[in-house]
$ cat start23.csv   # CSV, C-alpha atoms and all ligand atoms
chain,number,residue,atom,x,y,z
A,1,MET,CA,-3.3,34.9,-31.1
A,2,ASN,CA,0.0,34.2,-32.9
A,3,LEU,CA,0.6,31.2,-35.2
A,4,ASN,CA,3.7,29.1,-35.1
A,5,LYS,CA,5.9,31.2,-37.5
A,6,ASN,CA,8.2,28.3,-38.0
A,7,TYR,CA,5.7,26.8,-40.4
A,8,SER,CA,6.5,29.6,-42.8
A,9,ASN,CA,10.0,28.1,-43.1
A,10,LEU,CA,8.6,24.8,-44.4
A,11,GLN,CA,8.2,23.9,-48.0
A,12,ASP,CA,4.6,24.5,-49.1
A,13,SER,CA,3.6,20.9,-48.9
A,14,TYR,CA,4.9,17.6,-47.6
A,15,LEU,CA,6.8,15.7,-50.4
A,16,PHE,CA,4.4,12.8,-50.7
A,17,SER,CA,1.3,14.9,-50.7
A,18,GLU,CA,2.8,17.1,-53.5
A,19,VAL,CA,3.5,13.9,-55.5
A,20,SER,CA,-0.1,12.7,-54.9
A,21,ARG,CA,-1.5,16.1,-55.9
A,22,LYS,CA,0.4,16.0,-59.2
A,23,VAL,CA,-0.6,12.4,-59.9
A,24,ARG,CA,-4.3,13.2,-59.1
A,25,GLU,CA,-4.3,16.1,-61.4
A,26,PHE,CA,-2.7,14.1,-64.2
A,27,LYS,CA,-5.3,11.3,-63.8
A,28,GLU,CA,-8.2,13.7,-63.8
A,29,LYS,CA,-6.9,15.1,-67.1
A,30,ASN,CA,-6.2,11.6,-68.5
A,31,PRO,CA,-8.8,9.3,-67.1
A,32,SER,CA,-8.2,6.5,-69.6
A,33,LEU,CA,-4.5,6.2,-68.9
A,34,ASP,CA,-3.1,3.4,-66.7
A,35,VAL,CA,-0.7,5.1,-64.3
A,36,VAL,CA,1.7,2.8,-62.5
A,37,SER,CA,2.9,4.1,-59.1
A,38,LEU,CA,6.4,3.4,-57.9
A,39,GLY,CA,6.3,6.6,-55.8
A,40,ILE,CA,5.4,6.5,-52.2
A,41,GLY,CA,6.8,3.4,-50.4
A,42,ASP,CA,3.4,1.9,-49.8
A,43,VAL,CA,3.0,-1.9,-49.7
A,44,THR,CA,0.7,-3.7,-52.1
A,45,LEU,CA,0.6,-7.3,-50.7
A,46,PRO,CA,-2.1,-7.9,-48.0
A,47,LEU,CA,-1.4,-8.8,-44.4
A,48,CYS,CA,-0.3,-12.3,-44.0
A,49,PRO,CA,-2.7,-15.0,-42.8
A,50,VAL,CA,-1.4,-15.5,-39.2
A,51,VAL,CA,-1.8,-11.7,-38.7
A,52,THR,CA,-5.3,-11.5,-40.0
A,53,GLN,CA,-6.3,-14.6,-37.9
A,54,ALA,CA,-4.9,-13.0,-34.8
A,55,MET,CA,-6.8,-9.8,-35.5
A,56,HIS,CA,-10.0,-11.8,-36.1
A,57,ASP,CA,-9.6,-13.5,-32.8
A,58,ALA,CA,-8.9,-10.2,-31.1
A,59,VAL,CA,-12.1,-8.7,-32.6
A,60,THR,CA,-14.0,-11.7,-31.1
A,61,GLU,CA,-12.4,-11.0,-27.7
A,62,MET,CA,-13.5,-7.4,-28.0
A,63,GLY,CA,-17.1,-8.4,-28.6
A,64,ASN,CA,-17.2,-10.6,-25.5
A,65,ALA,CA,-17.8,-9.0,-22.0
A,66,ASP,CA,-15.3,-11.4,-20.4
A,67,THR,CA,-12.4,-10.6,-22.7
A,68,PHE,CA,-13.3,-7.0,-23.7
A,69,LYS,CA,-10.5,-4.4,-23.3
A,70,GLY,CA,-10.8,-0.7,-22.7
A,71,TYR,CA,-7.8,1.6,-22.6
A,72,GLY,CA,-4.6,-0.4,-22.9
A,73,ASP,CA,-1.2,0.5,-21.4
A,74,TYR,CA,0.2,3.7,-22.9
A,75,GLU,CA,3.5,2.0,-23.7
A,76,GLY,CA,1.8,-1.1,-25.3
A,77,TYR,CA,0.7,-4.5,-24.1
A,78,ASP,CA,3.4,-6.7,-22.5
A,79,PHE,CA,2.7,-9.5,-24.9
A,80,LEU,CA,3.8,-7.3,-27.8
A,81,ARG,CA,6.7,-5.6,-26.0
A,82,ASN,CA,8.0,-9.1,-25.1
A,83,ALA,CA,7.6,-10.3,-28.7
A,84,VAL,CA,9.7,-7.4,-29.8
A,85,CYS,CA,12.4,-8.3,-27.2
A,86,GLY,CA,12.3,-11.9,-28.6
A,87,TYR,CA,12.9,-10.5,-32.2
A,88,TYR,CA,15.8,-8.5,-31.0
A,89,ALA,CA,17.3,-11.5,-29.1
A,90,GLY,CA,17.5,-13.1,-32.6
A,91,LYS,CA,19.7,-10.2,-33.6
A,92,GLY,CA,21.9,-10.7,-30.6
A,93,VAL,CA,20.5,-7.7,-28.8
A,94,THR,CA,19.2,-8.1,-25.2
A,95,LEU,CA,16.3,-5.8,-24.3
A,96,GLY,CA,13.9,-5.5,-21.4
A,97,GLY,CA,10.2,-5.1,-22.2
A,98,ASP,CA,10.3,-1.8,-20.3
A,99,GLU,CA,12.7,-0.5,-23.0
A,100,VAL,CA,10.2,-1.1,-25.8
A,101,PHE,CA,7.4,1.4,-26.5
A,102,ILE,CA,4.6,0.5,-28.9
A,103,GLY,CA,3.3,3.3,-31.2
A,104,ASP,CA,1.4,3.7,-34.4
A,105,GLY,CA,4.4,3.8,-36.6
A,106,ALA,CA,7.9,5.2,-36.9
A,107,LYS,CA,6.9,8.5,-38.5
A,108,SER,CA,4.8,9.6,-35.6
A,109,ASP,CA,7.3,8.6,-33.0
A,110,ILE,CA,10.2,10.2,-34.9
A,111,GLY,CA,8.2,13.4,-35.0
A,112,ASN,CA,6.9,13.2,-31.4
A,113,ILE,CA,10.3,12.3,-29.8
A,114,LEU,CA,11.3,15.9,-30.3
A,115,ASP,CA,9.0,16.9,-27.4
A,116,ILE,CA,11.6,15.5,-24.9
A,117,PHE,CA,14.5,17.6,-26.3
A,118,SER,CA,15.2,21.3,-25.8
A,119,SER,CA,14.6,23.5,-28.8
A,120,ASP,CA,18.1,24.9,-28.6
A,121,ASN,CA,19.8,21.6,-29.6
A,122,THR,CA,21.8,21.5,-32.8
A,123,VAL,CA,20.4,18.8,-35.0
A,124,LEU,CA,22.5,17.0,-37.7
A,125,ILE,CA,20.6,15.4,-40.5
A,126,PRO,CA,21.9,13.6,-43.6
A,127,ASP,CA,21.0,15.0,-47.0
A,128,PRO,CA,19.3,13.3,-48.8
A,129,VAL,CA,17.0,11.7,-46.3
A,130,TYR,CA,13.4,11.0,-45.3
A,131,PRO,CA,11.9,14.5,-45.2
A,132,VAL,CA,10.1,14.0,-41.8
A,133,TYR,CA,13.3,14.5,-39.9
A,134,VAL,CA,13.9,18.0,-41.3
A,135,ASP,CA,10.3,19.1,-41.4
A,136,THR,CA,9.5,18.2,-37.8
A,137,ASN,CA,12.6,20.1,-36.6
A,138,ILE,CA,11.7,23.2,-38.7
A,139,MET,CA,8.2,23.1,-37.2
A,140,ALA,CA,9.8,23.2,-33.7
A,141,GLY,CA,12.1,26.0,-34.7
A,142,ARG,CA,15.4,24.1,-34.3
A,143,SER,CA,18.4,24.9,-36.4
A,144,VAL,CA,19.4,22.0,-38.6
A,145,ALA,CA,22.9,21.2,-39.9
A,146,TYR,CA,23.2,18.9,-42.8
A,147,MET,CA,25.8,16.2,-43.6
A,148,SER,CA,26.3,15.4,-47.2
A,149,GLY,CA,25.4,12.0,-48.6
A,150,ASN,CA,26.7,11.6,-52.2
A,151,ALA,CA,27.9,9.0,-54.6
A,152,GLU,CA,31.5,9.5,-53.4
A,153,ASN,CA,30.7,8.4,-49.8
A,154,GLY,CA,28.1,5.9,-50.9
A,155,PHE,CA,25.3,8.2,-49.5
A,156,LEU,CA,26.6,7.2,-46.0
A,157,PRO,CA,28.0,10.4,-44.3
A,158,LEU,CA,30.4,9.7,-41.4
A,159,PRO,CA,31.1,11.9,-38.4
A,160,ASP,CA,33.1,15.1,-38.8
A,161,ASN,CA,34.7,15.9,-35.4
A,162,SER,CA,34.8,19.6,-36.3
A,163,VAL,CA,30.9,19.6,-36.3
A,164,LYS,CA,29.2,19.8,-32.9
A,165,ALA,CA,25.7,18.2,-32.9
A,166,ASP,CA,23.4,17.2,-30.1
A,167,ILE,CA,20.8,15.2,-32.0
A,168,ILE,CA,21.9,13.0,-35.0
A,169,TYR,CA,19.5,11.3,-37.3
A,170,LEU,CA,20.6,8.1,-39.1
A,171,CYS,CA,18.4,6.0,-41.3
A,172,SER,CA,19.8,2.6,-42.3
A,173,PRO,CA,18.9,1.0,-44.6
A,174,ASN,CA,18.5,4.4,-46.0
A,175,ASN,CA,15.4,6.0,-47.3
A,176,PRO,CA,15.8,7.2,-50.1
A,177,THR,CA,19.1,5.8,-51.3
A,178,GLY,CA,19.0,2.2,-50.0
A,179,ALA,CA,22.5,2.5,-48.6
A,180,VAL,CA,23.3,0.6,-45.4
A,181,TYR,CA,25.9,1.5,-42.8
A,182,SER,CA,28.4,-1.2,-41.9
A,183,LYS,CA,29.1,-2.1,-38.2
A,184,GLU,CA,32.4,-0.2,-38.4
A,185,GLN,CA,30.7,2.9,-39.8
A,186,LEU,CA,27.9,2.8,-37.2
A,187,LYS,CA,30.6,2.4,-34.5
A,188,SER,CA,32.1,5.6,-35.6
A,189,TRP,CA,28.8,7.3,-35.1
A,190,VAL,CA,28.3,5.8,-31.7
A,191,ASP,CA,31.8,6.9,-30.6
A,192,TYR,CA,31.1,10.4,-31.9
A,193,ALA,CA,27.8,10.5,-30.0
A,194,LEU,CA,29.3,9.3,-26.7
A,195,GLU,CA,32.1,11.8,-27.0
A,196,ASN,CA,29.8,14.7,-27.7
A,197,LYS,CA,27.1,13.6,-25.3
A,198,ALA,CA,24.7,13.5,-28.3
A,199,VAL,CA,21.8,11.3,-29.0
A,200,ILE,CA,21.4,9.3,-32.2
A,201,LEU,CA,17.8,8.9,-33.5
A,202,PHE,CA,18.2,5.7,-35.5
A,203,ASP,CA,15.4,4.8,-38.0
A,204,SER,CA,15.5,1.1,-38.8
A,205,ALA,CA,12.1,1.0,-40.6
A,206,TYR,CA,13.7,-1.0,-43.5
A,207,GLU,CA,15.8,-3.4,-41.4
A,208,ALA,CA,13.9,-6.5,-42.6
A,209,PHE,CA,15.2,-5.9,-46.2
A,210,VAL,CA,18.8,-6.3,-45.3
A,211,GLN,CA,20.1,-9.4,-47.1
A,212,ASP,CA,23.9,-9.2,-46.4
A,213,LYS,CA,24.4,-11.0,-43.2
A,214,GLU,CA,27.3,-9.0,-42.0
A,215,LEU,CA,25.4,-5.7,-42.1
A,216,PRO,CA,23.8,-4.4,-38.9
A,217,THR,CA,20.0,-4.3,-38.7
A,218,SER,CA,19.9,-2.5,-35.3
A,219,ILE,CA,22.1,0.2,-33.9
A,220,PHE,CA,22.1,-1.8,-30.6
A,221,GLN,CA,24.3,-4.4,-32.3
A,222,ILE,CA,27.0,-1.8,-31.8
A,223,ASP,CA,28.8,-1.6,-28.5
A,224,GLY,CA,28.0,1.5,-26.5
A,225,ALA,CA,24.8,2.3,-28.5
A,226,LYS,CA,22.5,1.8,-25.6
A,227,LYS,CA,24.1,4.8,-23.9
A,228,CYS,CA,23.5,7.1,-26.8
A,229,ALA,CA,20.8,5.9,-29.2
A,230,ILE,CA,17.0,5.6,-29.6
A,231,GLU,CA,15.8,3.2,-32.3
A,232,PHE,CA,12.5,3.6,-34.3
A,233,CYS,CA,11.0,0.7,-36.2
A,234,SER,CA,7.7,-0.1,-37.8
A,235,LEU,CA,5.8,-3.0,-39.1
A,236,SER,CA,4.6,-0.9,-42.1
A,237,LYS,CA,7.3,-2.1,-44.5
A,238,THR,CA,8.2,-5.3,-42.6
A,239,ALA,CA,4.7,-6.8,-42.4
A,240,GLY,CA,2.4,-4.6,-44.6
A,241,PHE,CA,1.1,-2.4,-41.8
A,242,THR,CA,1.1,0.9,-43.7
A,243,GLY,CA,-2.7,1.0,-43.3
A,244,THR,CA,-2.9,-1.0,-40.1
A,245,ARG,CA,-0.5,1.2,-38.1
A,246,CYS,CA,1.9,-0.3,-35.5
A,247,GLY,CA,5.6,0.3,-34.7
A,248,TYR,CA,7.9,0.4,-31.8
A,249,THR,CA,10.5,2.7,-30.3
A,250,ILE,CA,13.4,1.4,-28.2
A,251,VAL,CA,14.7,3.7,-25.5
A,252,PRO,CA,17.3,1.8,-23.5
A,253,ASN,CA,17.4,2.2,-19.8
A,254,GLU,CA,21.1,3.0,-20.0
A,255,LEU,CA,20.3,6.2,-22.0
A,256,VAL,CA,20.5,8.9,-19.3
A,257,HIS,CA,21.2,12.6,-19.6
A,258,ASP,CA,21.5,15.0,-16.7
A,259,GLY,CA,20.4,12.2,-14.4
A,260,GLN,CA,17.2,11.8,-16.4
A,261,PRO,CA,16.5,8.4,-18.1
A,262,LEU,CA,15.1,9.4,-21.5
A,263,GLY,CA,12.7,6.4,-21.4
A,264,ARG,CA,11.0,8.0,-18.5
A,265,LEU,CA,10.6,11.3,-20.3
A,266,TRP,CA,9.3,9.5,-23.4
A,267,PHE,CA,6.8,7.6,-21.3
A,268,ARG,CA,5.7,10.9,-19.7
A,269,ARG,CA,5.2,12.4,-23.2
A,270,GLN,CA,3.3,9.3,-24.5
A,271,SER,CA,1.1,8.8,-21.5
A,272,THR,CA,0.0,12.5,-21.8
A,273,LYS,CA,-0.5,12.8,-25.5
A,274,PHE,CA,-1.1,9.2,-26.8
A,275,ASN,CA,-3.7,6.6,-25.8
A,276,GLY,CA,-1.9,3.6,-27.4
A,277,VAL,CA,-2.4,1.3,-30.4
A,278,SER,CA,-5.6,-0.7,-30.5
A,279,TYR,CA,-5.6,-4.1,-28.9
A,280,VAL,CA,-6.7,-5.7,-32.2
A,281,VAL,CA,-3.7,-4.2,-34.0
A,282,GLN,CA,-1.3,-5.1,-31.3
A,283,LYS,CA,-2.5,-8.8,-31.4
A,284,GLY,CA,-1.9,-8.7,-35.2
A,285,ALA,CA,1.6,-7.2,-34.6
A,286,GLU,CA,2.4,-9.9,-32.0
A,287,ALA,CA,1.6,-12.6,-34.6
A,288,VAL,CA,4.2,-11.1,-36.9
A,289,PHE,CA,6.9,-12.2,-34.5
A,290,THR,CA,5.7,-15.8,-34.3
A,291,ARG,CA,7.6,-18.4,-36.3
A,292,ASP,CA,4.8,-18.6,-38.9
A,293,GLY,CA,4.5,-14.8,-38.9
A,294,LEU,CA,8.1,-14.3,-39.6
A,295,ALA,CA,8.1,-16.9,-42.4
A,296,GLN,CA,5.0,-15.5,-44.0
A,297,THR,CA,6.3,-12.0,-43.7
A,298,MET,CA,9.6,-13.0,-45.3
A,299,ASP,CA,7.7,-14.4,-48.3
A,300,SER,CA,6.3,-10.8,-48.9
A,301,ILE,CA,9.7,-9.3,-48.4
A,302,LYS,CA,11.2,-11.7,-51.0
A,303,TYR,CA,8.5,-10.7,-53.4
A,304,TYR,CA,9.5,-7.0,-53.1
A,305,GLN,CA,13.2,-7.9,-53.3
A,306,GLU,CA,12.5,-9.6,-56.6
A,307,ASN,CA,10.7,-6.4,-57.8
A,308,ALA,CA,13.9,-4.5,-56.8
A,309,ALA,CA,15.9,-6.9,-58.9
A,310,ILE,CA,13.6,-6.4,-61.9
A,311,ILE,CA,14.1,-2.6,-61.6
A,312,ALA,CA,17.8,-2.9,-61.2
A,313,ARG,CA,18.2,-5.2,-64.2
A,314,ALA,CA,16.2,-2.7,-66.4
A,315,LEU,CA,18.2,0.2,-65.3
A,316,SER,CA,21.5,-1.6,-65.9
A,317,LYS,CA,20.2,-2.5,-69.4
A,318,LEU,CA,19.4,1.1,-70.0
A,319,GLY,CA,22.8,2.3,-68.7
A,320,ILE,CA,21.2,4.4,-66.0
A,321,TRP,CA,23.3,4.7,-62.9
A,322,TYR,CA,21.6,3.5,-59.7
A,323,THR,CA,22.3,2.3,-56.2
A,324,GLY,CA,20.2,0.5,-53.5
A,325,GLY,CA,17.6,-2.2,-54.1
A,326,HIS,CA,19.7,-5.0,-52.7
A,327,ASN,CA,19.4,-4.4,-48.9
A,328,ALA,CA,16.5,-2.0,-49.1
A,329,PRO,CA,13.2,-1.6,-51.0
A,330,TYR,CA,14.3,1.6,-52.7
A,331,ILE,CA,16.3,2.1,-55.9
A,332,TRP,CA,18.0,5.4,-56.2
A,333,LEU,CA,18.9,6.4,-59.7
A,334,LYS,CA,20.6,9.3,-61.5
A,335,CYS,CA,18.1,11.0,-63.8
A,336,PRO,CA,19.0,10.3,-67.4
A,337,ASP,CA,20.4,13.1,-69.6
A,338,GLY,CA,21.3,15.2,-66.6
A,339,MET,CA,17.7,16.1,-66.0
A,340,PRO,CA,16.6,17.8,-62.7
A,341,SER,CA,14.5,15.5,-60.5
A,342,TRP,CA,11.1,17.2,-60.9
A,343,GLU,CA,11.6,17.5,-64.7
A,344,PHE,CA,12.3,13.7,-64.9
A,345,PHE,CA,9.2,13.2,-62.6
A,346,ASP,CA,7.0,15.1,-65.1
A,347,LEU,CA,8.5,13.5,-68.1
A,348,LEU,CA,8.0,10.0,-66.7
A,349,LEU,CA,4.5,10.7,-65.7
A,350,GLU,CA,3.5,12.2,-69.0
A,351,LYS,CA,5.3,9.9,-71.4
A,352,ALA,CA,5.4,6.6,-69.5
A,353,ASN,CA,2.6,7.2,-67.0
A,354,VAL,CA,5.0,6.0,-64.3
A,355,VAL,CA,5.2,7.7,-60.9
A,356,GLY,CA,8.5,7.9,-58.9
A,357,THR,CA,9.7,10.3,-56.2
A,358,PRO,CA,12.0,13.2,-57.2
A,359,GLY,CA,15.3,13.0,-55.4
A,360,SER,CA,15.3,16.7,-54.6
A,361,GLY,CA,12.3,16.2,-52.3
A,362,PHE,CA,14.8,14.4,-50.0
A,363,GLY,CA,17.2,17.3,-49.8
A,364,ALA,CA,19.4,19.5,-51.9
A,365,ASN,CA,21.8,16.6,-52.5
A,366,GLY,CA,19.0,14.6,-54.1
A,367,GLU,CA,18.8,17.0,-57.0
A,368,GLY,CA,19.3,15.1,-60.2
A,369,PHE,CA,18.3,11.8,-58.6
A,370,PHE,CA,15.1,9.9,-58.5
A,371,ARG,CA,13.7,7.1,-56.2
A,372,LEU,CA,11.7,4.1,-57.3
A,373,THR,CA,10.1,1.8,-54.8
A,374,ALA,CA,10.0,-2.0,-55.0
A,375,PHE,CA,6.6,-2.2,-53.2
A,376,GLY,CA,4.5,-2.3,-56.3
A,377,ASN,CA,2.9,-5.4,-57.6
A,378,LYS,CA,5.1,-7.4,-59.9
A,379,GLU,CA,3.1,-7.0,-63.1
A,380,ASN,CA,3.1,-3.3,-62.7
A,381,VAL,CA,6.8,-3.2,-62.0
A,382,ILE,CA,7.5,-5.2,-65.2
A,383,GLU,CA,5.1,-2.9,-67.1
A,384,ALA,CA,6.8,0.2,-65.7
A,385,MET,CA,10.2,-1.0,-66.7
A,386,ARG,CA,9.0,-1.9,-70.2
A,387,ARG,CA,7.7,1.7,-70.6
A,388,LEU,CA,11.0,3.1,-69.3
A,389,GLU,CA,12.9,1.0,-71.8
A,390,GLU,CA,10.7,2.4,-74.6
A,391,MET,CA,11.6,6.0,-73.7
A,392,ARG,CA,15.2,5.4,-75.0
A,393,PHE,CA,17.0,7.9,-72.9
A,394,GLY,CA,20.2,9.3,-74.1
A,395,THR,CA,19.7,7.9,-77.6
B,401,LIG,C1,8.3,6.8,-48.2
B,401,LIG,O1,7.8,6.6,-49.3
B,401,LIG,O2,9.4,7.3,-48.1
B,401,LIG,C2,7.5,6.3,-47.1
B,401,LIG,O3,6.5,5.4,-47.4
B,401,LIG,C3,6.9,7.4,-46.4
B,401,LIG,C4,6.6,7.0,-45.0
B,401,LIG,O4,7.0,5.9,-44.6
B,401,LIG,O5,6.1,7.8,-44.3

$ encode --input "start23.csv" --output "structure tokens"
Amino acid sequence: MNLNKNYSNLQDSYLFSEVSRKVREFKEKNPSLDVVSLGIGDVTLPLCPVVTQAMHDAVTEMGNADTFKGYGDYEGYDFLRNAVCGYYAGKGVTLGGDEVFIGDGAKSDIGNILDIFSSDNTVLIPDPVYPVYVDTNIMAGRSVAYMSGNAENGFLPLPDNSVKADIIYLCSPNNPTGAVYSKEQLKSWVDYALENKAVILFDSAYEAFVQDKELPTSIFQIDGAKKCAIEFCSLSKTAGFTGTRCGYTIVPNELVHDGQPLGRLWFRRQSTKFNGVSYVVQKGAEAVFTRDGLAQTMDSIKYYQENAAIIARALSKLGIWYTGGHNAPYIWLKCPDGMPSWEFFDLLLEKANVVGTPGSGFGANGEGFFRLTAFGNKENVIEAMRRLEEMRFGT
């Protein structure tokens, strides 16, 4: 018996489990301290009323012999797939229900999609970025090339025609930097992918936070993208589903390589390894896309956007460089006094009892940066900023 040796090429632990471990140890040593977490991007507001009502109704159905459901369709119920199509129609994107695959969140699908690609593909991943893209490829033994995101390019790397890639990851609005690609910039990625017969894996988990109307919220708003992109989205951040679990992956019918529609391969993978999201959760998800659901969900998003503005104001007052926060729930700041990311993490935890995420956990280019999330509750965000101001960096 041999183990998968690729695991020895991974960092010891997943970024967010390392952060949790450190925070847990700190709390054990200091049980009386009130630690404020602006670390992992986990929501704090509850599910909205139309969602919980739909789920209650679904539970009732499941308890009644006439309406009880056993296994659902592997790719999700039609009612939810069609609701997702309706949501995309509002973005000017026409989709068929058969192009939408319901899953338990973007993270799983982003990791699992690799099953349909050969392991000798070259993968291009922005640095810094959500660590799941890198880790899942390392687990599968793929070679990863990095493209540099930095303050100069606004943390939005663009294609370099001298680099040949088969699979390209893009995350916009970006986790961790909050940067958002414009339509023109995304078009250059679509053109590159079409020219190189590459596939773009587009993570739009934070699309609901985009406030500037001219910015794209789906790669399918770009001409040609249906021939070269797969989009992953989730209700985790949009509608507070981090603990409820539901997302969707869009594999357009036009996406065909070597005569194989990729949607067919994805369905083959999912129907073999996945038994679908529960009926109750899919009914809750469907309610998100109703008029009331979208309005109630938007109230929560506005609440988080206000948190982001509170953080941004505090950082400006302190003279700390930051970006993001306007079209994304993340604020990406430069660690004060030139501190490395983990040193700033420890200092903030020990002196202000505030948790953030070290930028270096998102890639080498994140060293010296730090991420704060706007998903906390407002009182905690205000308190965290008050403590940050008391630390008097650089004075
Ligand atoms: C994050 O904090 O980056 C996210 O919450 C992690 C995730 O979505 O898996």

$ closest_residue --input "start23.csv" --among "A:Phe267, A:Tyr87, A:Tyr74, A:Tyr14" --to "A:Phe362" --atoms "all atoms listed in the file"
A:Tyr14

$ closest_atom_pairs --input "start23.csv" --of "chain A" --to "ligand LIG 401 (chain B)" --cutoff "9 Å" --atoms "all atoms listed in the file" --output "Markdown table"
| residue | atom | partner | partner_atom | distance |
| --- | --- | --- | --- | --- |
| A:Phe16 | CA | B:LIG401 | O1 | 7.2 |
| A:Gly39 | CA | B:LIG401 | O1 | 6.7 |
| A:Ile40 | CA | B:LIG401 | O1 | 3.8 |
| A:Gly41 | CA | B:LIG401 | O1 | 3.5 |
| A:Asp42 | CA | B:LIG401 | O3 | 5.3 |
| A:Val43 | CA | B:LIG401 | O3 | 8.4 |
| A:Gly105 | CA | B:LIG401 | O4 | 8.7 |
| A:Ala106 | CA | B:LIG401 | O4 | 7.8 |
| A:Lys107 | CA | B:LIG401 | O5 | 5.9 |
| A:Ser108 | CA | B:LIG401 | O5 | 9.0 |
| A:Val129 | CA | B:LIG401 | O2 | 9.0 |
| A:Tyr130 | CA | B:LIG401 | O2 | 6.1 |
| A:Pro131 | CA | B:LIG401 | O2 | 8.2 |
| A:Val132 | CA | B:LIG401 | O5 | 7.8 |
| A:Asn175 | CA | B:LIG401 | O2 | 6.2 |
| A:Pro176 | CA | B:LIG401 | O2 | 6.7 |
| A:Ala205 | CA | B:LIG401 | O4 | 8.1 |
| A:Ser236 | CA | B:LIG401 | O4 | 7.6 |
| A:Lys237 | CA | B:LIG401 | O4 | 8.0 |
| A:Thr242 | CA | B:LIG401 | O4 | 7.8 |
| A:Tyr330 | CA | B:LIG401 | O2 | 8.8 |
| A:Thr357 | CA | B:LIG401 | O1 | 8.1 |
| A:Thr373 | CA | B:LIG401 | O1 | 7.7 |

$ residues_around --input "start23.csv" --residues "A:Gly240" --least-positions-apart "4" --cutoff "8 Å" --atoms "all atoms listed in the file" --output "PyMOL selection string"
chain A and resi 43-47+235-236+244

$ closest_residue --input "start23.csv" --among "A:Phe369, A:Gly325, A:Ser162, A:Ala352" --to "A:Met339" --atoms "all atoms listed in the file"
A:Phe369

$ closest_atom_pairs --input "start23.csv" --of "stretch 242-281 of chain A" --to "stretch 55-69 of chain A" --cutoff "10 Å" --atoms "all atoms listed in the file" --output "tab-separated table"
residue	atom	partner	partner_atom	distance
A:Ser278	CA	A:Lys69	CA	9.5
A:Tyr279	CA	A:Ala58	CA	7.3
A:Val280	CA	A:Ala58	CA	5.1
A:Val281	CA	A:Met55	CA	6.6

$ closest_residue --input "start23.csv" --among "A:Lys351, A:Arg268, A:Lys183, A:Lys302" --to "A:Val35" --atoms "all atoms listed in the file"
A:Lys351

$ residues_around --input "start23.csv" --residues "stretch 158-160 of chain A" --least-positions-apart "2" --cutoff "9 Å" --atoms "all atoms listed in the file" --output "PyMOL selection string"
chain A and resi 147+153+156+162-164+185-186+188-189+192

$ residues_around --input "start23.csv" --residues "stretch 143-145 of chain A" --least-positions-apart "3" --cutoff "10 Å" --atoms "all atoms listed in the file" --output "list of chain:residue names"
A:Ser119, A:Asp120, A:Asn121, A:Thr122, A:Val123, A:Leu124, A:Ile125, A:Pro126, A:Asp127, A:Tyr133, A:Val134, A:Asp135, A:Asn137, A:Ile138, A:Ala140, A:Ser148, A:Val163, A:Lys164, A:Ala165, A:Ile167, A:Ile168

$ closest_residue --input "start23.csv" --among "A:Pro358, A:Pro261, A:Gly247, A:Gly324" --to "A:Asp109" --atoms "only C-alpha atoms"
A:Gly247

$ closest_residue --input "start23.csv" --among "A:Ile311, A:Tyr322, A:Phe289, A:Gly90" --to "A:Phe375" --atoms "all atoms listed in the file"
A:Ile311

$ atom_distance --input "start23.csv" --atom1 "atom CA of A:Arg386" --atom2 "atom CA of A:Lys334"
18.3 Å
